[in-house]
Amino acid sequence: MNKKTVVGYTCGAFDMFHVGHLNILRNAKSMCDHLIVSVSTDKLIKSKKNTNPIISFEHRIEIVRNIKYVDTVIPQNDLDKIKAHRKLKYDILFVGDDWYDDQKWSDYENELKSYGAKIIFFPYTEAISTTKIKNEISRR
């Protein structure tokens, strides 16, 4: 009997790559056979966070591409996780649990269920974030 390949998907800016990013990728890969990671484009980050990334898209995607837990890396031009599912046909969407109580993510979860996919929320790495790194650099 052939075992179905479980496809996982996660996305992010991955600016100033840190252990929190690594934790999500490591944990995601442990729960799927093939991990697809979307790296946000500079334009998307600017529109979403009203700030420019510190590290260019070309460098961020190259960093993520070379993480051993990642099988496929693609640009993320859009935040719509349902559109991503239609294109990529992933089985599991991985995200930090800082989004757990967010209505948009609850809606994603319900719609993805209808496609046979699910969301797994990983514990957010409290000690580190790109925002904390940027703030510490500014403080110094």
# chains A, B, ... in the order shown; residues from 1 in each chain; ligands from 1
>>> residues_around(residues="stretch 95-102 of chain A", least_positions_apart="5", cutoff="9 Å", atoms="only C-alpha atoms", output="ChimeraX atom specification")
/A:9-11,24,28,107,119-125
>>> residues_around(residues="A:Asp33", least_positions_apart="6", cutoff="8 Å", atoms="only C-alpha atoms", output="ChimeraX atom specification")
/A:5-8
>>> residues_around(residues="A:Ser38", least_positions_apart="4", cutoff="6 Å", atoms="only C-alpha atoms", output="PyMOL selection string")
chain A and resi 11+73-76
>>> residues_around(residues="A:Asp15", least_positions_apart="2", cutoff="8 Å", atoms="only C-alpha atoms", output="VMD selection string")
chain A and resid 13 17 53 to 55 60 130
>>> select_by_dssp(residues="chain A", states="strand (DSSP E or B)", output="list in words")
Val7, Gly8, Tyr9, Thr10, Cys11, Gly12, His34, Leu35, Ile36, Val37, Ser38, Val39, Ser40, Thr72, Val73, Ile74, Pro75, Gln76, Ile92, Leu93, Phe94, Val95, Gly96, Lys118, Ile119, Ile120, Phe121 and Phe122 of chain A
>>> write_last_selection(atoms="C-alpha atoms", output="tab-separated table (two decimals), in the first residue's frame")
chain	number	residue	atom	x	y	z
A	7	VAL	CA	2.55	18.29	2.46
A	8	GLY	CA	3.09	21.03	5.01
A	9	TYR	CA	3.07	24.77	4.42
A	10	THR	CA	4.19	27.79	6.38
A	11	CYS	CA	5.06	31.34	5.50
A	12	GLY	CA	6.66	34.43	6.91
A	34	HIS	CA	7.40	17.75	2.28
A	35	LEU	CA	7.60	21.28	3.70
A	36	ILE	CA	6.82	24.26	1.48
A	37	VAL	CA	7.80	27.67	2.82
A	38	SER	CA	6.66	31.00	1.38
A	39	VAL	CA	8.94	33.95	2.05
A	40	SER	CA	7.19	37.34	1.99
A	72	THR	CA	10.53	23.93	-1.36
A	73	VAL	CA	10.72	27.72	-1.09
A	74	ILE	CA	8.50	30.13	-2.99
A	75	PRO	CA	7.82	33.87	-2.85
A	76	GLN	CA	4.78	35.03	-0.91
A	92	ILE	CA	-1.24	21.14	7.02
A	93	LEU	CA	-0.73	24.86	7.50
A	94	PHE	CA	1.72	25.65	10.31
A	95	VAL	CA	1.58	28.95	12.17
A	96	GLY	CA	2.61	30.43	15.52
A	118	LYS	CA	-5.85	21.61	8.90
A	119	ILE	CA	-3.93	24.25	10.80
A	120	ILE	CA	-1.45	23.41	13.52
A	121	PHE	CA	-0.52	26.24	15.87
A	122	PHE	CA	2.99	26.00	17.30
